[in-house]
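Just run_18.cif here, mmCIF, C-alpha atoms:
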data_query
#
loop_
_atom_site.label_atom_id
_atom_site.label_comp_id
_atom_site.auth_asym_id
_atom_site.auth_seq_id
_atom_site.Cartn_x
_atom_site.Cartn_y
_atom_site.Cartn_z
CA MET F 1 0.00 0.00 0.00
CA ASP F 2 1.41 3.37 -1.05
CA ALA F 3 2.24 5.82 1.69
CA ILE F 4 -0.04 8.85 1.88
CA GLN F 5 1.78 11.85 0.49
CA PRO F 6 1.34 15.09 2.50
CA ILE F 7 -0.04 18.05 0.58
CA PRO F 8 2.63 20.74 0.21
CA LEU F 9 1.77 23.86 2.19
CA LEU F 10 1.89 26.01 -0.91
CA GLU F 11 -0.94 23.96 -2.42
CA LEU F 12 -3.30 24.24 0.53
CA PRO F 13 -6.55 25.95 -0.48
CA GLN F 14 -6.70 29.59 0.62
CA GLU F 15 -9.85 28.86 2.64
CA ILE F 16 -7.88 26.36 4.77
CA VAL F 17 -4.99 28.78 5.22
CA GLU F 18 -7.44 31.48 6.36
CA LEU F 19 -9.08 29.13 8.86
CA ILE F 20 -5.68 28.15 10.31
CA ILE F 21 -4.63 31.79 10.70
CA GLU F 22 -7.98 32.82 12.22
CA TYR F 23 -7.67 30.00 14.77
CA VAL F 24 -4.11 31.03 15.70
CA ALA F 25 -5.19 34.69 16.01
CA ILE F 26 -7.66 33.95 18.85
CA LEU F 27 -5.20 32.02 21.03
CA LYS F 28 -4.82 33.18 24.61
CA PRO F 29 -2.81 34.91 25.95
CA VAL F 30 -2.54 37.54 23.22
CA ALA F 31 1.28 37.52 23.33
CA GLU F 32 1.26 33.82 22.46
CA ALA F 33 -1.09 34.46 19.55
CA ARG F 34 1.18 37.17 18.16
CA THR F 35 4.26 34.98 18.48
CA SER F 36 2.46 32.17 16.65
CA LEU F 37 1.26 34.53 13.93
CA GLN F 38 4.81 35.77 13.41
CA ALA F 39 5.92 32.15 12.99
CA CYS F 40 3.06 31.52 10.52
CA SER F 41 4.12 34.51 8.46
CA LEU F 42 7.41 32.70 7.70
CA VAL F 43 5.82 29.46 6.45
CA SER F 44 4.98 30.50 2.90
CA ARG F 45 3.73 33.43 0.86
CA SER F 46 0.10 32.46 1.28
CA PHE F 47 0.54 32.06 5.06
CA SER F 48 2.51 35.31 5.22
CA TYR F 49 -0.25 37.41 3.65
CA TRP F 50 -3.04 36.25 5.98
CA ALA F 51 -0.80 36.20 9.08
CA ARG F 52 0.28 39.80 8.48
CA GLN F 53 -3.32 40.86 8.10
CA GLN F 54 -4.05 39.50 11.59
CA LEU F 55 -0.84 40.92 13.07
CA TRP F 56 -1.77 44.41 11.91
CA ARG F 57 -5.29 44.24 13.29
CA ILE F 58 -4.07 45.20 16.77
CA ILE F 59 -1.01 47.45 17.21
CA VAL F 60 0.49 48.00 20.65
CA PHE F 61 3.11 50.73 20.35
CA PRO F 62 4.93 51.23 23.68
CA LEU F 63 7.21 54.22 24.09
CA HIS F 64 9.55 54.18 27.06
CA SER F 65 12.33 56.53 27.90
CA GLY F 66 15.18 54.15 28.68
CA THR F 67 18.13 56.04 30.06
CA ILE F 68 17.73 59.77 30.52
CA LYS F 69 20.48 60.78 28.06
CA ALA F 70 19.26 58.57 25.24
CA ALA F 71 15.56 58.97 25.96
CA HIS F 72 14.63 61.46 23.25
CA VAL F 73 16.87 59.68 20.72
CA PHE F 74 15.19 56.36 21.47
CA ILE F 75 11.67 57.78 21.18
CA ASN F 76 12.44 59.55 17.91
CA LYS F 77 13.97 56.38 16.43
CA ARG F 78 10.97 54.31 17.50
CA ALA F 79 8.55 56.88 16.12
CA ASN F 80 10.39 57.19 12.80
CA LYS F 81 10.53 53.41 12.42
CA PHE F 82 6.80 53.26 13.09
CA ILE F 83 6.17 55.91 10.40
CA ARG F 84 8.25 54.04 7.83
CA THR F 85 6.38 50.86 8.64
CA LEU F 86 3.05 52.64 8.22
CA GLN F 87 4.14 53.93 4.84
CA LYS F 88 5.03 50.40 3.75
CA ILE F 89 1.76 48.88 4.90
CA GLN F 90 -0.12 51.76 3.26
CA ASP F 91 1.55 50.84 -0.05
CA LYS F 92 0.63 47.18 0.42
CA GLY F 93 -2.90 47.88 1.60
CA PHE F 94 -2.37 46.55 5.13
CA ILE F 95 -3.41 49.82 6.77
CA SER F 96 -6.99 48.85 5.99
CA ASN F 97 -6.56 45.86 8.32
CA ILE F 98 -5.62 47.90 11.41
CA HIS F 99 -8.58 47.72 13.77
CA SER F 100 -6.93 48.65 17.07
CA LEU F 101 -4.08 50.95 18.14
CA HIS F 102 -2.67 51.29 21.67
CA LEU F 103 -0.10 54.04 22.28
CA VAL F 104 1.52 53.60 25.69
CA PHE F 105 4.19 55.75 27.32
CA GLU F 106 5.80 53.79 30.10
CA ASP F 107 6.26 55.62 33.39
CA PRO F 108 9.26 57.92 32.97
CA PRO F 109 12.17 58.15 35.44
CA GLN F 110 11.46 60.32 38.47
CA THR F 111 13.42 63.37 37.34
CA PRO F 112 12.30 66.91 36.53
CA TYR F 113 13.63 66.50 32.97
CA THR F 114 11.65 63.84 31.25
CA PRO F 115 7.86 63.59 31.03
CA LYS F 116 6.68 66.76 29.30
CA ILE F 117 9.85 67.37 27.29
CA LEU F 118 10.08 63.86 25.85
CA GLN F 119 6.41 63.54 25.03
CA HIS F 120 6.27 67.07 23.58
CA ARG F 121 8.98 66.03 21.13
CA CYS F 122 7.01 62.94 20.25
CA LEU F 123 3.53 64.48 19.94
CA ASN F 124 4.25 68.08 18.97
CA PRO F 125 1.58 68.88 16.35
CA GLU F 126 4.02 70.95 14.29
CA THR F 127 7.05 68.66 14.17
CA SER F 128 6.14 65.16 15.23
CA PRO F 129 5.97 62.43 12.59
CA LEU F 130 4.20 60.24 15.17
CA GLN F 131 1.38 62.80 15.48
CA MET F 132 0.90 62.70 11.70
CA ALA F 133 0.89 58.90 11.72
CA LEU F 134 -1.76 58.79 14.44
CA LEU F 135 -3.96 61.24 12.54
CA GLN F 136 -3.49 59.17 9.40
CA LEU F 137 -4.66 56.08 11.26
CA LEU F 138 -7.63 57.91 12.78
CA ALA F 139 -8.68 58.86 9.26
CA SER F 140 -8.78 55.17 8.33
CA ALA F 141 -12.22 53.68 7.78
CA THR F 142 -11.33 50.43 9.57
CA LEU F 143 -9.92 51.60 12.93
CA ARG F 144 -12.28 50.55 15.73
CA THR F 145 -10.27 50.83 18.99
CA PHE F 146 -7.92 53.63 20.08
CA THR F 147 -6.00 53.76 23.38
CA LEU F 148 -3.70 56.42 24.85
CA SER F 149 -1.92 55.76 28.14
CA ASN F 150 0.42 57.87 30.30
CA VAL F 151 0.60 60.78 27.82
CA THR F 152 1.30 64.02 29.70
CA GLY F 153 1.31 66.29 26.64
CA LEU F 154 -1.73 64.99 24.80
CA SER F 155 -2.41 66.93 21.62
CA ALA F 156 -5.85 68.48 21.17
CA GLU F 157 -5.77 67.40 17.52
CA ILE F 158 -5.40 63.75 18.48
CA VAL F 159 -8.18 63.95 21.06
CA ILE F 160 -10.62 65.61 18.68
CA ALA F 161 -9.61 63.35 15.81
CA ALA F 162 -10.38 60.33 17.98
CA PHE F 163 -13.81 61.52 19.15
CA PHE F 164 -14.75 62.57 15.63
CA SER F 165 -13.41 59.53 13.80
CA LYS F 166 -16.84 58.24 12.85
CA ASN F 167 -15.88 54.56 12.61
CA LEU F 168 -14.27 54.34 16.05
CA GLN F 169 -16.23 52.25 18.56
CA GLU F 170 -13.92 52.26 21.60
CA ILE F 171 -11.74 55.03 23.08
CA THR F 172 -9.55 54.64 26.18
CA ILE F 173 -7.60 57.55 27.68
CA HIS F 174 -5.68 56.55 30.80
CA ARG F 175 -3.51 58.81 32.95
CA SER F 176 -3.22 61.34 30.14
CA VAL F 177 -3.39 65.13 30.26
CA MET F 178 -4.31 67.29 27.29
CA ARG F 179 -2.02 70.13 26.31
CA ILE F 180 -3.79 73.46 25.79
CA GLU F 181 -3.13 74.74 22.26
CA ARG F 182 -4.09 77.97 20.55
CA ARG F 183 -3.73 76.48 17.11
CA PHE F 184 -5.95 73.67 15.90
CA GLY F 185 -6.61 71.85 12.66
CA GLY F 186 -3.27 72.30 10.88
CA SER F 187 -3.08 68.66 9.84
CA PRO F 188 -4.38 67.71 6.36
CA PHE F 189 -6.15 64.75 8.00
CA ILE F 190 -8.29 66.84 10.38
CA PRO F 191 -10.89 67.89 7.76
CA LYS F 192 -11.29 64.22 6.78
CA ILE F 193 -11.98 63.20 10.37
CA THR F 194 -13.93 65.83 12.25
CA GLY F 195 -17.21 65.98 10.38
CA GLU F 196 -19.08 63.33 12.35
CA LEU F 197 -18.97 61.99 15.92
CA ALA F 198 -17.58 58.54 16.60
CA ASN F 199 -20.25 55.89 17.09
CA LEU F 200 -18.83 54.86 20.46
CA THR F 201 -19.97 51.74 22.29
CA ARG F 202 -17.22 51.96 24.94
CA LEU F 203 -15.54 55.00 26.53
CA GLU F 204 -12.92 54.94 29.28
CA ILE F 205 -11.25 58.01 30.78
CA THR F 206 -9.44 57.17 34.01
CA GLY F 207 -6.44 58.05 36.12
CA GLY F 208 -6.69 61.83 36.13
CA TYR F 209 -8.66 65.00 35.52
CA TYR F 210 -10.46 65.17 32.20
CA PHE F 211 -12.22 68.54 32.24
CA GLU F 212 -10.13 69.80 29.29
CA ILE F 213 -10.95 66.69 27.23
CA LEU F 214 -14.70 67.05 27.80
CA TYR F 215 -14.55 70.80 27.24
CA MET F 216 -12.78 70.41 23.88
CA LEU F 217 -15.18 67.66 22.81
CA VAL F 218 -18.31 69.67 23.67
CA LYS F 219 -17.03 72.91 22.09
CA ARG F 220 -16.07 71.12 18.90
CA ALA F 221 -19.50 69.48 18.71
CA GLU F 222 -21.16 72.88 19.19
CA LYS F 223 -19.02 74.40 16.45
CA LEU F 224 -20.11 71.64 14.07
CA ARG F 225 -23.72 72.10 15.24
CA ILE F 226 -23.86 68.52 16.53
CA GLN F 227 -26.28 68.55 19.45
CA PRO F 228 -27.56 65.06 20.20
CA SER F 229 -28.32 64.26 23.82
CA PRO F 230 -26.36 62.22 24.69
CA LEU F 231 -23.43 62.75 22.32
CA PHE F 232 -22.91 58.99 22.06
CA PRO F 233 -26.40 57.44 22.00
CA ASN F 234 -25.12 53.89 21.39
CA LEU F 235 -22.69 53.91 24.31
CA GLN F 236 -22.90 50.59 26.20
CA THR F 237 -19.88 50.71 28.54
CA LEU F 238 -18.60 53.75 30.43
CA VAL F 239 -15.52 53.70 32.70
CA LEU F 240 -14.68 56.98 34.44
CA SER F 241 -12.70 58.41 37.29
CA VAL F 242 -15.10 60.25 39.59
CA PRO F 243 -14.63 63.91 38.62
CA GLY F 244 -12.88 66.12 41.14
CA HIS F 245 -14.17 69.19 39.31
CA GLU F 246 -17.84 70.20 39.41
CA ASP F 247 -17.72 71.68 35.90
CA ALA F 248 -16.55 68.31 34.57
CA MET F 249 -19.50 66.63 36.26
CA ILE F 250 -21.92 69.11 34.70
CA MET F 251 -20.57 68.48 31.20
CA LEU F 252 -20.48 64.74 31.78
CA CYS F 253 -24.11 64.61 32.86
CA GLU F 254 -25.46 66.98 30.24
CA ASN F 255 -23.61 65.55 27.24
CA ILE F 256 -22.90 61.86 27.93
CA LEU F 257 -25.04 60.51 30.77
CA ASN F 258 -28.28 62.35 30.10
CA PHE F 259 -30.77 59.93 28.46
CA ALA F 260 -28.01 57.30 27.99
CA SER F 261 -30.61 54.57 27.64
CA ASN F 262 -28.26 52.00 26.04
CA LEU F 263 -25.67 51.97 28.82
CA GLN F 264 -25.31 48.40 30.08
CA SER F 265 -22.17 48.71 32.20
CA VAL F 266 -20.91 51.63 34.29
CA GLU F 267 -17.65 51.62 36.23
CA PHE F 268 -16.50 54.48 38.43
CA GLU F 269 -13.00 54.85 39.82
CA ILE F 270 -12.44 56.63 43.13
CA HIS F 271 -8.76 57.54 43.18
CA HIS F 272 -7.34 59.19 46.27
CA ALA F 273 -5.32 61.63 44.14
CA TYR F 274 -8.37 63.10 42.37
CA PHE F 275 -11.42 62.36 44.54
CA ARG F 276 -12.73 65.36 46.50
CA GLY F 277 -14.96 63.61 49.01
CA GLN F 278 -18.27 63.79 47.13
CA PHE F 279 -19.28 61.13 44.63
CA VAL F 280 -21.99 62.99 42.72
CA SER F 281 -24.03 66.01 43.74
CA TYR F 282 -27.72 65.23 44.10
CA ASP F 283 -28.44 67.90 41.47
CA TYR F 284 -26.84 65.67 38.83
CA LEU F 285 -28.08 62.27 39.95
CA GLU F 286 -31.22 62.51 37.85
CA SER F 287 -29.04 62.20 34.76
CA PHE F 288 -28.63 58.54 35.69
CA SER F 289 -32.35 57.86 36.00
CA HIS F 290 -32.80 57.06 32.31
CA MET F 291 -30.30 54.17 32.34
CA ASP F 292 -32.94 51.48 32.01
CA SER F 293 -30.49 49.06 30.37
CA LEU F 294 -27.91 49.19 33.17
CA PHE F 295 -27.06 45.60 34.14
CA THR F 296 -23.58 45.94 35.67
CA PHE F 297 -22.23 48.50 38.13
CA ARG F 298 -18.58 48.52 39.24
CA LEU F 299 -16.90 50.76 41.76
CA ARG F 300 -13.11 50.71 41.99
CA THR F 301 -11.35 52.41 44.90
CA ILE F 302 -7.61 53.12 44.71
CA ALA F 303 -6.37 54.59 47.96
CA PRO F 304 -4.41 54.11 51.19
CA SER F 305 -5.84 51.33 53.34
CA THR F 306 -7.77 53.42 55.84
CA VAL F 307 -11.32 53.34 57.17
CA LYS F 308 -11.88 56.76 55.55
CA TRP F 309 -11.52 55.34 52.05
CA VAL F 310 -13.64 52.26 52.79
CA GLU F 311 -16.42 54.58 53.93
CA SER F 312 -15.96 56.90 50.93
CA SER F 313 -16.59 53.91 48.69
CA GLN F 314 -19.62 52.85 50.73
CA ARG F 315 -21.15 56.34 50.58
CA ALA F 316 -20.54 56.48 46.83
CA LEU F 317 -22.40 53.21 46.33
CA LEU F 318 -25.32 54.27 48.52
CA ASN F 319 -25.45 57.70 46.89
CA PHE F 320 -25.52 56.29 43.37
CA PHE F 321 -28.41 53.95 44.06
CA THR F 322 -30.64 56.64 45.53
CA VAL F 323 -31.52 57.42 41.91
CA ARG F 324 -35.08 56.37 41.16
CA ASN F 325 -35.57 53.34 38.92
CA LEU F 326 -31.83 52.82 38.52
CA ALA F 327 -31.45 49.66 40.59
CA LYS F 328 -34.34 47.61 39.25
CA TYR F 329 -32.45 46.32 36.19
CA VAL F 330 -29.03 45.83 37.80
CA ARG F 331 -27.91 42.20 37.93
CA THR F 332 -24.26 42.54 38.98
CA ILE F 333 -22.53 44.84 41.46
CA GLU F 334 -18.75 44.68 41.77
CA LEU F 335 -16.67 46.48 44.39
CA HIS F 336 -12.92 46.49 43.77
CA TYR F 337 -10.50 47.78 46.39
CA GLN F 338 -6.84 48.43 45.57
CA PHE F 339 -5.34 49.56 48.84
CA SER F 340 -1.82 50.26 50.00
CA GLU F 341 -0.37 50.31 53.51
CA TRP F 342 2.94 51.47 54.88
CA ARG F 343 3.32 48.74 57.45
CA THR F 344 3.93 45.03 57.88
CA HIS F 345 1.05 42.60 57.42
CA THR F 346 -0.25 41.14 60.68
CA GLU F 347 -1.51 37.58 60.50
CA GLY F 348 -5.29 37.42 60.69
CA ASP F 349 -5.65 41.14 60.15
CA SER F 350 -6.03 41.39 56.36
CA LEU F 351 -9.60 42.68 56.53
CA GLY F 352 -9.40 44.62 59.79
CA THR F 353 -9.76 47.98 58.05
CA PHE F 354 -12.78 46.79 56.06
CA ASP F 355 -14.62 45.49 59.10
CA GLN F 356 -14.53 48.97 60.61
CA GLY F 357 -16.41 50.63 57.74
CA GLU F 358 -19.49 52.35 59.16
CA TYR F 359 -21.92 51.69 56.33
CA TRP F 360 -21.68 47.93 55.67
CA GLU F 361 -25.02 47.33 57.34
CA ALA F 362 -26.67 49.97 55.14
CA VAL F 363 -25.10 48.38 52.04
CA ASP F 364 -26.23 44.93 53.22
CA ARG F 365 -29.82 46.13 53.70
CA LEU F 366 -29.97 48.08 50.44
CA LEU F 367 -28.73 45.29 48.17
CA THR F 368 -31.21 42.80 49.64
CA SER F 369 -34.16 45.20 49.48
CA GLU F 370 -37.01 45.01 46.98
CA VAL F 371 -35.34 47.75 44.94
CA PHE F 372 -32.83 45.23 43.55
CA ILE F 373 -35.36 42.75 42.20
CA HIS F 374 -32.99 41.38 39.52
CA LEU F 375 -29.70 41.43 41.45
CA GLU F 376 -27.90 38.09 41.00
CA LEU F 377 -24.24 38.68 41.85
CA VAL F 378 -22.33 40.79 44.37
CA LYS F 379 -18.59 40.54 43.89
CA ILE F 380 -16.03 42.11 46.22
CA SER F 381 -12.33 42.02 45.32
CA ILE F 382 -9.70 43.24 47.76
CA SER F 383 -6.03 43.80 47.03
CA ILE F 384 -3.85 45.22 49.80
CA ARG F 385 -0.26 46.17 49.08
CA TYR F 386 2.17 46.31 52.00
CA TYR F 387 5.35 48.32 51.51
CA PRO F 388 8.24 48.64 51.79
CA SER F 389 9.24 45.00 51.68
CA ILE F 390 12.50 43.24 50.94
CA HIS F 391 10.81 41.17 48.22
CA ASN F 392 7.82 41.19 45.85
CA LYS F 393 5.38 38.41 46.65
CA THR F 394 1.61 37.89 46.47
CA TYR F 395 -0.49 35.73 48.80
CA PRO F 396 -4.24 35.05 48.85
CA ILE F 397 -6.25 36.32 51.79
CA PRO F 398 -7.16 33.14 53.75
CA PRO F 399 -10.63 31.78 52.84
CA GLU F 400 -11.66 31.65 56.51
CA GLU F 401 -11.13 35.43 56.81
CA LEU F 402 -13.27 36.03 53.72
CA ASP F 403 -15.97 33.67 55.07
CA ASP F 404 -16.03 35.52 58.41
CA PHE F 405 -16.31 38.84 56.59
CA ALA F 406 -19.31 37.55 54.60
CA GLU F 407 -21.01 36.00 57.61
CA PHE F 408 -20.66 38.84 60.11
CA THR F 409 -20.40 41.96 57.90
CA LEU F 410 -22.81 41.11 55.05
CA PRO F 411 -25.15 38.53 56.65
CA ARG F 412 -28.25 39.34 54.54
CA ILE F 413 -26.42 39.16 51.20
CA ASN F 414 -24.62 36.03 52.37
CA LYS F 415 -27.91 34.25 53.14
CA ALA F 416 -30.01 35.58 50.25
CA SER F 417 -31.02 32.65 48.04
CA HIS F 418 -31.22 34.72 44.85
CA ILE F 419 -27.85 36.51 45.27
CA ARG F 420 -24.45 34.92 44.81
CA LEU F 421 -21.77 36.57 46.93
CA GLU F 422 -18.20 36.23 45.67
CA LEU F 423 -15.27 37.38 47.76
CA ASN F 424 -11.64 37.19 46.75
CA GLY F 425 -8.58 38.96 48.01
CA GLU F 426 -4.83 39.11 48.05
CA PHE F 427 -2.14 40.87 49.97
CA ILE F 428 1.02 41.91 48.19
CA PHE F 429 4.42 42.48 49.70
CA SER F 430 6.08 45.12 47.55
CA ARG F 431 9.32 47.02 47.48
CA GLU F 432 7.51 50.21 46.57
CA GLN F 433 4.14 51.90 46.73
CA ALA F 434 1.81 51.21 43.80
CA PHE F 435 0.34 54.71 43.50
#
Once you've parsed the file, please lay out its structure as structure tokens.
Amino acid sequence: MDAIQPIPLLELPQEIVELIIEYVAILKPVAEARTSLQACSLVSRSFSYWARQQLWRIIVFPLHSGTIKAAHVFINKRANKFIRTLQKIQDKGFISNIHSLHLVFEDPPQTPYTPKILQHRCLNPETSPLQMALLQLLASATLRTFTLSNVTGLSAEIVIAAFFSKNLQEITIHRSVMRIERRFGGSPFIPKITGELANLTRLEITGGYYFEILYMLVKRAEKLRIQPSPLFPNLQTLVLSVPGHEDAMIMLCENILNFASNLQSVEFEIHHAYFRGQFVSYDYLESFSHMDSLFTFRLRTIAPSTVKWVESSQRALLNFFTVRNLAKYVRTIELHYQFSEWRTHTEGDSLGTFDQGEYWEAVDRLLTSEVFIHLELVKISISIRYYPSIHNKTYPIPPEELDDFAEFTLPRINKASHIRLELNGEFIFSREQAF
């Protein structure tokens, strides 16, 4: 009997090659998928074409400063290489396959020299080739996701181009501050972009003040005579730092939250560096009352591990759910605590600070009341970082401590037959503070 001869890879039908590449592209973790796609791109010409299409779908472009002397040289070289690559993929048509771009500045060295100077060189609207490349991408009809992280000199042109790139569906701006500019619209790509608002389904602005971003967005919409309420009627997921500025809250409520009837998931971040002690003024709470599709509510607290911050989170939760009709559709409530302590962990004392929170009984009663008729899951995640330590290690909070917390602090939720209570926690020994 003749041996079965394998089909040469070059003769595989294109449909099979596509299926192989699509399967590799969804492997988890993402880094493994990208490594595998890079290997596939070397198999043959047919494999190379489809693998490159998948590789260019999501671009993560990290910029870090390296050593202080070579920092600006490194960033300029990385940016120029990125531009040349974009020009090549434009010629080959691959730019139409880019669906997601993440621009990340790593945390710069703690010196007075670096952050604004380096990023100004990289994102200066008049001189930066990277700025032009980003605007070129934002003008693409296929880009769906755009992320900026740790950018201290964020250009107004990039911000406006993102919010008015009509095909974008997701925007994330994390720990980024917009630079105030007198001049706007000098790029040849701006007129191609800013005629129509992005059809956002997800918006995240966290890790800082964002009054300038909202102000620029609203003023640009007014100039173009775009006045829908809300600005993004199809928004389904909103992740925001709680504003420390009342004017930011006014703009947020009037232009994004007001009549946001499609919002399914809302996450608020209380960060000790920006929070001013009041979650939302009662005057603005009515903006939330039209969220009749809200199924998931998350509240993330990033702060020192003190009773004050536990109670700030509790008050925020209670304050939010005083809004009429808001709670009746909610199915999941998640409370995430990322705390840090300057002391040594004491055995059996992981949750001592949490037990002292004044409003746990009120939270326990509220979430088991008739208001939450569809509530199915309450999830509380606790991460406590102890510093300074001689090593970096992570340990789970003992299950018996979590069980005691559920039994004695949240007895009604713990016993409710229709609500599942999930508690998980960890304590981290760290050489340095996390925030």
Just so the selection is clear, what residues does the PyMOL selection byres ((chain F and resi 37-46) around 9) cover here, as a list in words? Leu9, Leu10, Leu12, Gln14, Val17, Ile21, Val24, Ala25, Glu32, Ala33, Arg34, Thr35, Ser36, Phe47, Ser48, Tyr49, Trp50, Ala51, Arg52, Gln54 and Leu55 of chain F
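Every residue that the PyMOL selection byres ((chain F and resi 425) around 8) selects in this file is listed here: F:Ser381, F:Ile382, F:Ser383, F:Pro396, F:Ile397, F:Leu402, F:Leu423, F:Asn424, F:Glu426, F:Phe427.
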Hey, can you check how far CA of Ser140 (chain F) sits from CA of Phe164 (chain F)? 12.0 Å
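Note that the spacing between CA of Leu238 (chain F) and CA of Ser265 (chain F) amounts to 6.4 Å.
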Identify all residues satisfying the PyMOL selection byres ((chain F and resi 304-317) around 9) in the given file; provide them as a PyMOL selection string. chain F and resi 270+272+277-280+299-303+318-322+335+337-342+353-360+362-363+384-385
